[in-house]
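K.L.:
Sending over protein-v1.cif (mmCIF, C-alpha atoms).
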data_target
loop_
_atom_site.label_atom_id
_atom_site.label_comp_id
_atom_site.auth_asym_id
_atom_site.auth_seq_id
_atom_site.Cartn_x
_atom_site.Cartn_y
_atom_site.Cartn_z
CA MET V 1 0.00 0.00 0.00
CA ALA V 2 2.88 2.36 0.74
CA ASN V 3 4.30 1.63 -2.72
CA GLU V 4 0.96 2.48 -4.28
CA ALA V 5 0.94 5.75 -2.39
CA ASP V 6 4.44 6.51 -3.68
CA ARG V 7 3.38 5.79 -7.26
CA ALA V 8 0.33 7.98 -6.86
CA SER V 9 2.51 10.75 -5.47
CA THR V 10 4.80 10.66 -8.49
CA ARG V 11 1.81 11.26 -10.78
CA VAL V 12 0.99 14.52 -9.02
CA ARG V 13 2.51 17.53 -10.71
CA LEU V 14 3.98 20.57 -9.07
CA PRO V 15 1.56 23.52 -8.97
CA MET V 16 1.98 26.20 -11.61
CA GLU V 17 2.95 28.71 -8.92
CA ILE V 18 6.02 26.65 -8.03
CA TRP V 19 7.17 26.70 -11.65
CA VAL V 20 6.78 30.48 -11.68
CA LEU V 21 9.09 30.70 -8.66
CA VAL V 22 11.57 28.31 -10.31
CA ALA V 23 11.62 30.39 -13.51
CA SER V 24 12.07 33.58 -11.49
CA ALA V 25 14.94 31.97 -9.56
CA PHE V 26 16.65 31.15 -12.85
CA VAL V 27 16.25 34.70 -14.16
CA ILE V 28 17.48 36.22 -10.89
CA ALA V 29 20.52 33.93 -10.79
CA VAL V 30 21.35 34.68 -14.43
CA GLY V 31 21.29 38.37 -13.60
CA TYR V 32 23.49 37.88 -10.56
CA GLY V 33 25.92 36.00 -12.76
CA LEU V 34 25.83 38.84 -15.28
CA VAL V 35 27.23 41.38 -12.83
CA ALA V 36 29.55 39.03 -10.90
CA PRO V 37 32.43 39.10 -13.45
CA ALA V 38 32.11 42.85 -13.99
CA LEU V 39 31.77 44.07 -10.39
CA PRO V 40 35.39 43.80 -9.12
CA THR V 41 36.82 45.21 -12.34
CA PHE V 42 34.26 48.03 -12.37
CA ALA V 43 35.18 48.90 -8.77
CA ARG V 44 38.87 48.95 -9.66
CA SER V 45 38.12 51.44 -12.45
CA PHE V 46 37.55 54.05 -9.70
CA ASP V 47 41.26 53.80 -8.86
CA VAL V 48 40.86 51.84 -5.62
CA GLY V 49 42.86 48.90 -4.30
CA VAL V 50 42.04 45.21 -4.34
CA THR V 51 40.70 45.30 -0.78
CA ALA V 52 38.29 48.11 -1.58
CA ALA V 53 37.15 46.34 -4.72
CA SER V 54 36.54 43.14 -2.76
CA PHE V 55 34.57 45.02 -0.11
CA VAL V 56 32.00 45.98 -2.75
CA VAL V 57 31.28 42.27 -3.08
CA SER V 58 31.24 41.73 0.68
CA SER V 59 28.91 44.68 1.33
CA PHE V 60 26.13 42.84 -0.50
CA ALA V 61 26.44 39.81 1.81
CA ILE V 62 26.79 41.95 4.93
CA PHE V 63 23.59 43.87 4.24
CA ARG V 64 21.79 40.60 3.46
CA LEU V 65 22.76 39.35 6.91
CA LEU V 66 21.89 42.56 8.76
CA PHE V 67 18.48 42.98 7.13
CA ALA V 68 17.39 39.33 7.34
CA PRO V 69 15.47 39.69 10.65
CA ALA V 70 13.56 42.70 9.30
CA SER V 71 12.74 40.76 6.14
CA GLY V 72 11.22 37.98 8.21
CA ARG V 73 9.01 40.44 10.08
CA LEU V 74 7.93 42.09 6.83
CA VAL V 75 6.90 38.74 5.36
CA SER V 76 4.80 38.04 8.44
CA LYS V 77 3.08 41.44 8.35
CA LEU V 78 2.74 42.21 4.64
CA GLY V 79 2.65 38.77 3.04
CA GLU V 80 5.12 36.89 0.89
CA LEU V 81 4.23 38.20 -2.56
CA ARG V 82 4.43 41.89 -1.64
CA VAL V 83 7.81 41.48 0.04
CA TYR V 84 9.04 39.32 -2.85
CA LEU V 85 8.13 41.92 -5.47
CA VAL V 86 9.39 44.88 -3.44
CA GLY V 87 12.67 43.06 -2.83
CA LEU V 88 13.12 42.42 -6.54
CA LEU V 89 12.30 46.07 -7.26
CA ILE V 90 14.95 47.26 -4.79
CA VAL V 91 17.54 45.02 -6.44
CA ALA V 92 16.51 46.24 -9.90
CA ILE V 93 16.76 49.92 -8.95
CA SER V 94 20.01 49.56 -7.02
CA THR V 95 21.61 47.47 -9.78
CA GLY V 96 20.55 49.95 -12.45
CA ALA V 97 21.96 52.76 -10.31
CA CYS V 98 25.33 50.97 -10.20
CA ALA V 99 25.62 51.50 -13.95
CA PHE V 100 25.52 55.27 -13.40
CA ALA V 101 27.89 55.42 -10.42
CA GLN V 102 30.52 58.12 -10.85
CA GLU V 103 32.52 57.48 -7.69
CA TYR V 104 33.53 54.47 -5.64
CA TRP V 105 31.34 55.32 -2.64
CA GLN V 106 28.28 55.47 -4.90
CA LEU V 107 28.95 51.99 -6.28
CA LEU V 108 29.47 50.71 -2.73
CA LEU V 109 26.21 52.24 -1.52
CA TYR V 110 24.10 51.01 -4.43
CA ARG V 111 25.48 47.49 -4.23
CA ALA V 112 24.92 47.33 -0.46
CA LEU V 113 21.29 48.41 -0.89
CA GLY V 114 20.87 45.55 -3.32
CA GLY V 115 21.68 43.18 -0.45
CA ILE V 116 18.58 44.45 1.38
CA GLY V 117 16.36 43.62 -1.57
CA SER V 118 18.08 40.28 -2.02
CA THR V 119 17.31 39.05 1.49
CA MET V 120 13.72 40.29 1.14
CA PHE V 121 12.92 38.27 -1.96
CA THR V 122 14.91 35.24 -0.77
CA VAL V 123 13.03 34.94 2.54
CA ALA V 124 9.72 35.65 0.79
CA ALA V 125 10.42 33.09 -1.97
CA VAL V 126 11.18 30.28 0.47
CA SER V 127 8.09 31.21 2.48
CA LEU V 128 6.02 31.00 -0.71
CA LEU V 129 7.50 27.57 -1.42
CA VAL V 130 6.48 26.45 2.05
CA ARG V 131 2.89 27.63 1.63
CA LEU V 132 2.30 26.74 -2.02
CA ALA V 133 3.99 23.34 -2.31
CA PRO V 134 1.89 20.34 -1.22
CA ALA V 135 3.34 18.70 1.89
CA GLU V 136 4.14 15.53 -0.06
CA MET V 137 6.07 17.49 -2.73
CA ARG V 138 8.14 19.90 -0.67
CA GLY V 139 11.40 18.11 -1.41
CA ARG V 140 10.86 18.21 -5.16
CA ALA V 141 9.74 21.84 -5.06
CA SER V 142 12.87 22.81 -3.10
CA GLY V 143 15.03 20.79 -5.48
CA MET V 144 13.59 22.45 -8.58
CA TRP V 145 13.94 25.91 -7.03
CA ALA V 146 17.59 25.26 -6.13
CA THR V 147 18.20 23.88 -9.63
CA GLY V 148 16.83 27.07 -11.15
CA PHE V 149 19.32 29.11 -9.15
CA LEU V 150 22.19 26.77 -9.98
CA LEU V 151 21.56 26.77 -13.74
CA GLY V 152 21.23 30.55 -13.67
CA ASN V 153 24.55 30.86 -11.84
CA ILE V 154 26.17 28.75 -14.55
CA ALA V 155 24.66 30.64 -17.50
CA GLY V 156 24.98 34.14 -16.03
CA PRO V 157 28.78 34.54 -16.04
CA LEU V 158 28.98 33.30 -19.63
CA ILE V 159 26.60 36.03 -20.77
CA GLY V 160 28.15 38.59 -18.45
CA GLY V 161 31.61 37.92 -19.85
CA ALA V 162 30.31 38.79 -23.32
CA LEU V 163 28.64 41.99 -22.08
CA ILE V 164 31.86 43.18 -20.42
CA VAL V 165 33.37 43.41 -23.89
CA VAL V 166 30.70 45.98 -24.74
CA SER V 167 30.96 47.97 -21.50
CA LEU V 168 31.60 47.42 -17.80
CA ARG V 169 28.29 49.18 -17.13
CA ALA V 170 26.22 47.11 -19.57
CA PRO V 171 25.69 44.04 -17.30
CA PHE V 172 24.11 46.21 -14.60
CA LEU V 173 21.61 47.76 -17.01
CA VAL V 174 20.69 44.41 -18.55
CA TYR V 175 20.17 42.84 -15.12
CA ALA V 176 17.95 45.71 -14.01
CA LEU V 177 15.76 45.37 -17.12
CA VAL V 178 15.52 41.59 -16.72
CA LEU V 179 14.40 42.01 -13.11
CA LEU V 180 11.69 44.47 -14.12
CA VAL V 181 10.34 41.91 -16.59
CA ALA V 182 10.48 39.22 -13.88
CA ILE V 183 8.56 41.50 -11.49
CA ALA V 184 5.80 42.08 -14.03
CA ILE V 185 5.40 38.42 -14.96
CA THR V 186 5.66 37.07 -11.40
CA GLY V 187 3.26 39.66 -10.02
CA LEU V 188 0.72 38.86 -12.70
CA LEU V 189 0.90 35.05 -12.38
CA LEU V 190 1.04 34.87 -8.57
CA ARG V 191 -1.40 37.64 -7.74
CA GLY V 192 -4.00 36.35 -5.30
CA ARG V 193 -2.34 32.93 -5.00
CA GLU V 194 -0.03 33.34 -2.02
CA GLY V 195 -2.70 32.11 0.37
CA VAL V 196 -3.24 28.74 -1.32
CA GLY V 197 -1.56 26.98 1.58
CA VAL V 198 -4.10 28.27 4.10
CA ARG V 199 -7.21 26.19 4.60
CA THR V 200 -10.56 27.83 4.05
CA GLY V 201 -11.82 29.75 7.04
CA GLU V 202 -8.43 29.83 8.77
CA GLN V 203 -6.09 32.74 9.34
CA ALA V 204 -2.37 32.23 8.86
CA VAL V 205 -0.55 32.52 12.16
CA VAL V 206 3.05 33.67 12.53
CA MET V 207 5.54 31.16 13.87
CA ARG V 208 8.22 32.73 16.02
CA PHE V 209 11.86 31.75 15.71
CA ALA V 210 11.89 30.68 19.37
CA ASP V 211 9.00 28.28 18.75
CA ALA V 212 10.74 26.65 15.80
CA PHE V 213 14.03 26.49 17.70
CA ARG V 214 12.40 24.13 20.20
CA HIS V 215 12.17 21.54 17.43
CA PRO V 216 15.35 19.40 17.18
CA THR V 217 14.96 19.13 13.40
CA PHE V 218 15.04 22.90 13.01
CA ARG V 219 18.15 23.09 15.17
CA ALA V 220 19.72 20.48 12.91
CA ALA V 221 18.71 22.52 9.87
CA LEU V 222 20.43 25.59 11.33
CA THR V 223 23.69 23.69 11.79
CA SER V 224 23.61 22.22 8.28
CA SER V 225 22.70 25.64 6.81
CA PHE V 226 25.69 27.16 8.63
CA ALA V 227 27.95 24.35 7.40
CA ASN V 228 26.65 24.69 3.84
CA GLY V 229 27.30 28.45 3.85
CA TRP V 230 30.76 27.89 5.31
CA LEU V 231 31.72 25.37 2.62
CA VAL V 232 29.75 26.24 -0.52
CA PHE V 233 29.59 30.03 -0.37
CA GLY V 234 32.74 30.67 1.63
CA VAL V 235 35.67 28.28 1.71
CA ARG V 236 35.02 26.81 -1.75
CA VAL V 237 35.32 30.24 -3.39
CA ALA V 238 38.02 31.67 -1.13
CA LEU V 239 40.47 28.78 -0.65
CA VAL V 240 40.10 26.51 -3.69
CA PRO V 241 41.72 28.98 -6.15
CA LEU V 242 44.65 29.52 -3.75
CA PHE V 243 45.04 25.78 -3.15
CA VAL V 244 45.22 25.09 -6.88
CA VAL V 245 47.99 27.65 -7.43
CA GLU V 246 50.02 27.43 -4.21
CA VAL V 247 49.79 23.72 -3.34
CA LEU V 248 49.09 21.90 -6.60
CA ALA V 249 51.17 24.43 -8.62
CA GLU V 250 48.61 24.43 -11.43
CA GLN V 251 47.26 27.21 -13.61
CA PRO V 252 44.52 29.40 -12.05
CA SER V 253 42.12 28.27 -14.79
CA TRP V 254 41.93 24.86 -13.11
CA ALA V 255 40.27 26.52 -10.12
CA GLY V 256 37.40 27.56 -12.37
CA ILE V 257 37.20 24.06 -13.79
CA SER V 258 37.03 22.57 -10.30
CA LEU V 259 34.20 24.95 -9.36
CA ALA V 260 32.36 23.91 -12.52
CA ILE V 261 32.83 20.22 -11.61
CA PHE V 262 31.46 20.96 -8.14
CA ALA V 263 28.44 22.64 -9.73
CA ALA V 264 27.93 19.66 -12.04
CA GLY V 265 27.94 17.26 -9.09
CA ASN V 266 25.52 19.55 -7.29
CA ALA V 267 23.14 19.73 -10.25
CA SER V 268 23.19 15.95 -10.72
CA THR V 269 21.66 15.28 -7.30
CA LEU V 270 19.37 18.24 -6.48
CA ILE V 271 16.21 16.87 -8.10
CA ILE V 272 17.00 13.28 -7.05
CA ALA V 273 17.44 14.41 -3.46
CA GLY V 274 14.07 16.15 -3.56
CA ARG V 275 12.30 12.99 -4.76
CA ILE V 276 13.99 10.81 -2.15
CA ALA V 277 13.08 13.32 0.55
CA ASP V 278 9.40 13.17 -0.46
CA HIS V 279 9.26 9.36 -0.73
CA ARG V 280 11.66 8.07 1.94
CA GLY V 281 12.03 10.96 4.35
CA ARG V 282 14.15 14.07 4.82
CA ARG V 283 16.90 12.44 6.86
CA PRO V 284 18.27 9.74 4.46
CA PRO V 285 19.55 12.07 1.71
CA LEU V 286 20.69 14.61 4.29
CA LEU V 287 22.76 12.09 6.22
CA VAL V 288 24.37 10.72 3.05
CA GLY V 289 25.03 14.24 1.76
CA LEU V 290 26.69 15.36 4.98
CA VAL V 291 28.87 12.25 5.02
CA LEU V 292 30.00 12.92 1.43
CA CYS V 293 30.62 16.61 2.18
CA THR V 294 32.69 15.74 5.24
CA ILE V 295 34.80 13.15 3.43
CA GLY V 296 35.15 15.19 0.24
CA THR V 297 36.11 18.41 2.02
CA VAL V 298 38.75 16.79 4.24
CA TYR V 299 40.09 14.87 1.24
CA LEU V 300 40.44 18.11 -0.72
CA GLY V 301 43.07 19.37 1.67
CA PHE V 302 45.19 16.22 1.35
CA THR V 303 45.13 15.83 -2.45
CA THR V 304 48.50 16.03 -4.17
CA SER V 305 47.49 15.70 -7.81
CA LEU V 306 45.00 17.42 -10.07
CA PRO V 307 42.86 14.32 -10.86
CA THR V 308 42.32 13.48 -7.20
CA PHE V 309 41.55 17.13 -6.46
CA LEU V 310 38.89 17.23 -9.17
CA ALA V 311 37.45 13.92 -7.92
CA ALA V 312 37.17 15.36 -4.42
CA SER V 313 35.45 18.45 -5.84
CA LEU V 314 32.91 16.25 -7.62
CA LEU V 315 32.26 14.20 -4.48
CA THR V 316 31.71 17.34 -2.40
CA GLY V 317 29.36 18.78 -5.03
CA ILE V 318 27.27 15.61 -5.03
CA GLY V 319 27.06 15.75 -1.24
CA SER V 320 25.99 19.39 -1.25
CA GLY V 321 23.25 18.65 -3.78
CA LEU V 322 21.85 15.93 -1.52
CA ILE V 323 21.63 18.35 1.41
CA ASN V 324 19.74 21.39 0.15
CA PRO V 325 16.28 20.12 -0.95
CA PRO V 326 15.56 17.90 2.09
CA MET V 327 16.95 20.55 4.44
CA THR V 328 14.58 23.20 3.07
CA ALA V 329 11.70 20.70 3.04
CA ALA V 330 12.34 19.82 6.69
CA VAL V 331 12.19 23.50 7.67
CA ALA V 332 8.92 23.75 5.73
CA ASP V 333 7.58 20.74 7.66
CA VAL V 334 8.37 22.45 10.94
CA ILE V 335 6.61 25.65 9.88
CA GLY V 336 3.62 23.97 8.24
CA SER V 337 1.54 25.30 5.35
CA ARG V 338 -0.91 27.09 7.61
CA ALA V 339 1.60 29.46 9.21
CA ARG V 340 3.75 32.33 8.02
CA GLY V 341 7.34 31.51 8.88
CA GLY V 342 9.09 34.76 8.02
CA PRO V 343 11.14 35.02 11.24
CA VAL V 344 11.97 31.30 11.11
CA LEU V 345 13.14 31.44 7.49
CA ALA V 346 15.11 34.63 8.15
CA GLY V 347 17.03 32.85 10.91
CA PHE V 348 17.56 29.87 8.63
CA GLN V 349 19.02 32.14 5.95
CA MET V 350 21.16 34.02 8.45
CA ALA V 351 22.81 30.76 9.49
CA ALA V 352 24.06 30.25 5.92
CA ASP V 353 25.17 33.89 5.62
CA LEU V 354 27.09 33.64 8.90
CA GLY V 355 28.83 30.52 7.64
CA ALA V 356 29.72 32.28 4.38
CA ILE V 357 31.23 35.20 6.29
CA ILE V 358 32.98 33.35 9.12
CA GLY V 359 34.19 30.36 7.07
CA PRO V 360 36.61 32.07 4.67
CA VAL V 361 38.10 34.27 7.40
CA LEU V 362 38.69 31.49 9.93
CA ALA V 363 39.74 28.86 7.39
CA GLY V 364 42.03 31.38 5.69
CA ALA V 365 43.69 32.20 9.01
CA ILE V 366 44.18 28.49 9.74
CA ALA V 367 45.74 27.96 6.30
CA GLU V 368 48.09 30.89 6.87
CA VAL V 369 49.17 29.83 10.36
CA TRP V 370 49.29 26.05 9.73
CA ASN V 371 48.43 24.75 6.25
CA PHE V 372 45.61 24.19 3.77
CA SER V 373 45.06 20.62 4.98
CA ALA V 374 44.16 21.91 8.43
CA ALA V 375 41.83 24.54 6.96
CA PHE V 376 39.89 21.99 4.92
CA ALA V 377 39.87 19.57 7.87
CA VAL V 378 38.22 22.20 10.08
CA THR V 379 35.65 22.83 7.35
CA GLY V 380 34.94 19.10 7.22
CA ALA V 381 34.55 19.08 11.00
CA VAL V 382 31.81 21.72 10.71
CA SER V 383 29.90 19.38 8.38
CA LEU V 384 30.51 16.54 10.83
CA VAL V 385 28.87 18.54 13.63
CA ALA V 386 25.82 19.07 11.41
CA LEU V 387 25.79 15.31 10.72
CA VAL V 388 25.60 14.61 14.47
CA PHE V 389 22.65 16.98 14.86
CA TRP V 390 20.78 15.33 11.98
CA TRP V 391 21.54 11.85 13.28
CA ARG V 392 19.68 12.74 16.47
CA ALA V 393 16.87 14.71 14.78
CA PRO V 394 13.42 13.17 14.22
CA GLU V 395 11.95 12.59 10.77
CA THR V 396 9.48 15.31 9.71
CA LEU V 397 8.01 13.87 6.51
CA PRO V 398 4.26 14.06 7.22
CA GLY V 399 2.98 10.65 8.35
CA ARG V 400 6.42 9.15 8.98
CA ASP V 401 7.55 10.68 12.25
CA THR V 402 9.89 8.41 14.17
CA SER V 403 10.41 10.25 17.43
CA THR V 404 8.28 11.33 20.33
CA ALA V 405 10.20 14.60 20.23
CA ALA V 406 8.44 15.35 16.95
CA GLN V 407 5.06 14.59 18.46
CA ASP V 408 5.69 16.85 21.45
CA VAL V 409 5.98 19.93 19.27
CA ALA V 410 3.69 18.84 16.42
CA ALA V 411 0.78 20.95 17.61
CA GLU V 412 2.93 24.07 17.57
CA CYS V 413 4.61 23.32 14.25
CA GLY V 414 1.40 22.32 12.49
CA ARG V 415 2.71 19.58 10.25
CA LEU V 416 1.45 16.20 11.48
CA ASP V 417 -2.12 17.08 10.67
CA GLU V 418 -1.42 18.24 7.13
CA GLY V 419 -2.98 16.29 4.31
CA PRO V 420 -4.56 12.83 4.36
CA PRO V 421 -3.13 10.02 6.50
CA VAL V 422 -0.39 7.94 4.93
CA PRO V 423 -1.66 4.36 4.33
CA LEU V 424 -0.14 1.76 6.61
CA PRO V 425 0.14 -2.02 6.20
CA ASP V 426 -2.93 -3.99 7.22
CA ALA V 427 -0.96 -5.63 10.04
CA ILE V 428 -0.79 -2.33 11.87
CA THR V 429 -3.92 -1.47 13.78
CA PRO V 430 -4.73 2.23 13.59
CA VAL V 431 -5.59 4.22 16.69
CA GLU V 432 -9.27 4.81 17.29
CA PRO V 433 -10.50 8.19 16.06
CA ALA V 434 -10.41 11.00 18.60
CA ALA V 435 -13.84 12.16 17.44
CA PRO V 436 -16.39 10.64 15.04
CA SER V 437 -16.34 13.68 12.77
CA GLU V 438 -12.58 13.90 12.40
CA PRO V 439 -10.51 10.70 12.27
CA SER V 440 -7.05 10.96 13.69
CA GLU V 441 -3.95 9.91 11.80
CA PRO V 442 -2.71 6.40 12.60
CA GLU V 443 0.46 6.11 14.56
CA GLY V 444 3.36 3.93 13.55
CA PRO V 445 4.72 1.19 15.77
CA THR V 446 7.79 3.23 16.66
CA SER V 447 5.82 5.88 18.47
CA ARG V 448 3.88 3.21 20.38
CA SER V 449 7.02 1.49 21.55
CA ARG V 450 8.22 4.66 23.07
#
Take the structure in this file and express it as C-alpha cells.

P.N.:
Amino acid sequence: MANEADRASTRVRLPMEIWVLVASAFVIAVGYGLVAPALPTFARSFDVGVTAASFVVSSFAIFRLLFAPASGRLVSKLGELRVYLVGLLIVAISTGACAFAQEYWQLLLYRALGGIGSTMFTVAAVSLLVRLAPAEMRGRASGMWATGFLLGNIAGPLIGGALIVVSLRAPFLVYALVLLVAIAITGLLLRGREGVGVRTGEQAVVMRFADAFRHPTFRAALTSSFANGWLVFGVRVALVPLFVVEVLAEQPSWAGISLAIFAAGNASTLIIAGRIADHRGRRPPLLVGLVLCTIGTVYLGFTTSLPTFLAASLLTGIGSGLINPPMTAAVADVIGSRARGGPVLAGFQMAADLGAIIGPVLAGAIAEVWNFSAAFAVTGAVSLVALVFWWRAPETLPGRDTSTAAQDVAAECGRLDEGPPVPLPDAITPVEPAAPSEPSEPEGPTSRSR
C-alpha cells in the first residue's frame, strides 16, 4: 500500500505557482551572474585597491545578513508576494543605479542596498515555497527551485563575460531590465495565489523563531545551513583557487574548472534528493550528503594531484546537492503550510550567511598559520557537527515521524495534521479516532514502543 501511495505521489505535478518561482529563480541567478564578473573590475576602475574592490562584493552579503530579521518580520506582516516583489524592485533599482555610479562610494552604496532587496525576496520566496507546495512534494519543489538558481549561476557569467566586452556598465543595465520583466510576470501570475496553503476559514498565524528552535529538526537545519554556507559560499570560493595555485602548482584556470565540476555534481543530485526526501524521508539524503561533504572536504586538503583534487570536488558537489532540498523541506515541515514563517526562514538564511562570512576568514587564518590541509579539515569538521545533529533529529516527513520529540511539538509546528493520513500495512492497527467527525492519523509502531 505504501508503494501504491508513492506511485500515486509521483503522478501529481507541481503547482503552476512553483514553476513560476523556479523560472524567477533562474532569471534572478542569471542576472546575478551577469554582474559578478564585472563588479570587481568596475570597482577597480575608480582607482581603488584590491581590498576596496573586494569590499563591494562583501557589502552585498553583509547587508543581506543585517536585514534578514527585518525581512522575516515584513513577510509576516505584509505577506510573501508583496515582500518578494518589493525586494526584486529594490535590487533592480540599485543594480541599475550601479551603472551610473561616478565614484567608488556610490557603487558601494548602491550594491549594499541591493543586499537588502536580495534578502527580502529570498526569505519571501522560500516562504512561498512552504505555503504553495503540497506537503508531499516539498522536497521536489525545493530541489527544482535550487536547480533554477544553480543553472542561472552557470549561465549568467557566460553572458556577463560577453557583455563586459561591450561595456563594464552594460551588465548592470541588462540585469535591471531583466528584473523588471520578472517582477511584471511574477506579479501577474502569482497575484492572489499566495494564500493557497491556508485552509478555508483559517487565518495564517506567525511562527516565532523561538517556537521553531524548540524543534530538534530545526536546530539540525540551522547547523547544516551554517555548514553549507561555510563550505559552498565561503571556503570553496576563497580557498580553492589559492590551493590550486600554491599547493598543486597548477594554472589558475583549473580553479574555475574545479568549481564547474562541483556545480555539475551539485546539479546531478538536487532533483534526485528532492524525490527521495518526499518518498523516503528528509533524513536519508541529508545524512548521506553530509557524510559525502565531510569526506570530500577533508580529502580536498590532502590531495596532491589534479585528478584526485577534481574527484574530491565532484564528491563534495554531489554531497551538497543531496543536502539542500531535504533541508529546506524539513524546515517547511516544521513551519507547516498554515503558518507564516518569516522570522523562522530569516534565521535559517542568516545561518548560511554567517557561515559564508565566518568560514573564509577562519579557514584562511588556519591555512596561513598552519596549512591548507588543516583549513579543509576544520571545514569538514563543521559538516561533521551538522551530521551529528541530523543523526539525532526526528523525521518530519508528514505521516512518517519516528520520534516522540516530533510529536511533542507537532501541535505548535502544524505539520502532522497536514494532508490525508499515509496508508499503513494492514498488520498495523490504527488508533481509534479522537472524534467521530474527524478521524485521527494512525500512529506507527515506533511511536507506540516509546

K.L.:
If you count all atoms listed in the file, which residues fall within 10 Å of Pro69 (chain V), apart from same-chain ones fewer than 4 positions away, as a PyMOL selection string?

P.N.:
chain V and resi 64-65+73-74+119-120+123+342-347+349-350

K.L.:
Would you put the residues from that selection into a file with C-alpha atoms, as a PDB file, in the frame of the given file?

P.N.:
ATOM      1  CA  ARG V  64      21.790  40.600   3.460  1.00  0.00           C
ATOM      2  CA  LEU V  65      22.760  39.350   6.910  1.00  0.00           C
ATOM      3  CA  ARG V  73       9.010  40.440  10.080  1.00  0.00           C
ATOM      4  CA  LEU V  74       7.930  42.090   6.830  1.00  0.00           C
ATOM      5  CA  THR V 119      17.310  39.050   1.490  1.00  0.00           C
ATOM      6  CA  MET V 120      13.720  40.290   1.140  1.00  0.00           C
ATOM      7  CA  VAL V 123      13.030  34.940   2.540  1.00  0.00           C
ATOM      8  CA  GLY V 342       9.090  34.760   8.020  1.00  0.00           C
ATOM      9  CA  PRO V 343      11.140  35.020  11.240  1.00  0.00           C
ATOM     10  CA  VAL V 344      11.970  31.300  11.110  1.00  0.00           C
ATOM     11  CA  LEU V 345      13.140  31.440   7.490  1.00  0.00           C
ATOM     12  CA  ALA V 346      15.110  34.630   8.150  1.00  0.00           C
ATOM     13  CA  GLY V 347      17.030  32.850  10.910  1.00  0.00           C
ATOM     14  CA  GLN V 349      19.020  32.140   5.950  1.00  0.00           C
ATOM     15  CA  MET V 350      21.160  34.020   8.450  1.00  0.00           C
TER      16      MET V 350
END

K.L.:
Apply the PyMOL selection byres ((chain V and resi 187) around 12) to the file shown and report the selected residues as a ChimeraX atom specification.

P.N.:
/V:17,20-21,24,80-86,88-89,179-186,188-194

K.L.:
With distances taken over all atoms listed in the file, which residue among V:Phe55, V:Trp391, V:Trp254, V:Phe233 lies nearest Arg282 (chain V)?

P.N.:
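Residue with the minimum atom-to-atom distance to Arg282 (chain V): V:Trp391.
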
K.L.:
What lies within 9 Å of Val361 (chain V) using only C-alpha atoms, ignoring chain neighbours under 4 positions off, as a list of chain:residue names?

P.N.:
V:Gly234, V:Val235, V:Ala238, V:Ile357, V:Ala365, V:Ile366

K.L.:
Starting from the PyMOL selection byres ((chain V and resi 292-305) around 7), expand the selection into actual residues of this file and give them as a ChimeraX atom specification.

P.N.:
/V:248,288-291,306-309,312-313,315-316,319-320,372-373,376-377,379-381,383-384

K.L.:
The PyMOL selection byres ((chain V and resi 327) around 8) - which residues does that actually catch in the file I just gave you? List them as a PyMOL selection string.

P.N.:
chain V and resi 221+224+282+286+323-326+328-331

K.L.:
Hey, can you check how far CA of Val178 (chain V) sits from CA of Gly117 (chain V)?

P.N.:
15.3 Å

K.L.:
Which residues are near Arg140 (chain V)? Cut-off 10 Å, all atoms listed in the file, ignore same chain within fewer than 5 positions. Put them as a ChimeraX atom specification.

P.N.:
/V:14,133,145-146,270-278,325-326,329

K.L.:
With only C-alpha atoms as the atoms that count, which of V:Ala263, V:Ile90, V:Leu108, V:Leu231 lies nearest to Val48 (chain V)?

P.N.:
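When distances to Val48 (chain V) are compared using only C-alpha atoms, the smallest one comes from V:Leu108.
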
K.L.:
Compare V:Ala101, V:Met137, V:Leu109, V:Leu150 by their minimum atom-to-atom distance to Ser58 (chain V), counting all atoms listed in the file, and give me the closest one.

P.N.:
V:Leu109

K.L.:
In Å, rounded to a single decimal, give me how far CA of Leu242 (chain V) is from CA of Ala43 (chain V).

P.N.:
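Computed distance, CA of Ala43 (chain V) to CA of Leu242 (chain V), equals 22.1 Å.
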
K.L.:
When you count only C-alpha atoms, which of these residues is closest to Ala227 (chain V): V:Gly139, V:Pro157, V:Gly359, V:Pro171?

P.N.:
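Counting only C-alpha atoms, the residue closest to Ala227 (chain V) is V:Gly359.
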
K.L.:
So, with only C-alpha atoms as the atoms that count, which of V:Val240, V:Ile318, V:Asn266, V:Met16 lies closest to Pro252 (chain V)?

P.N.:
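Distance minimum relative to Pro252 (chain V) lands on V:Val240.
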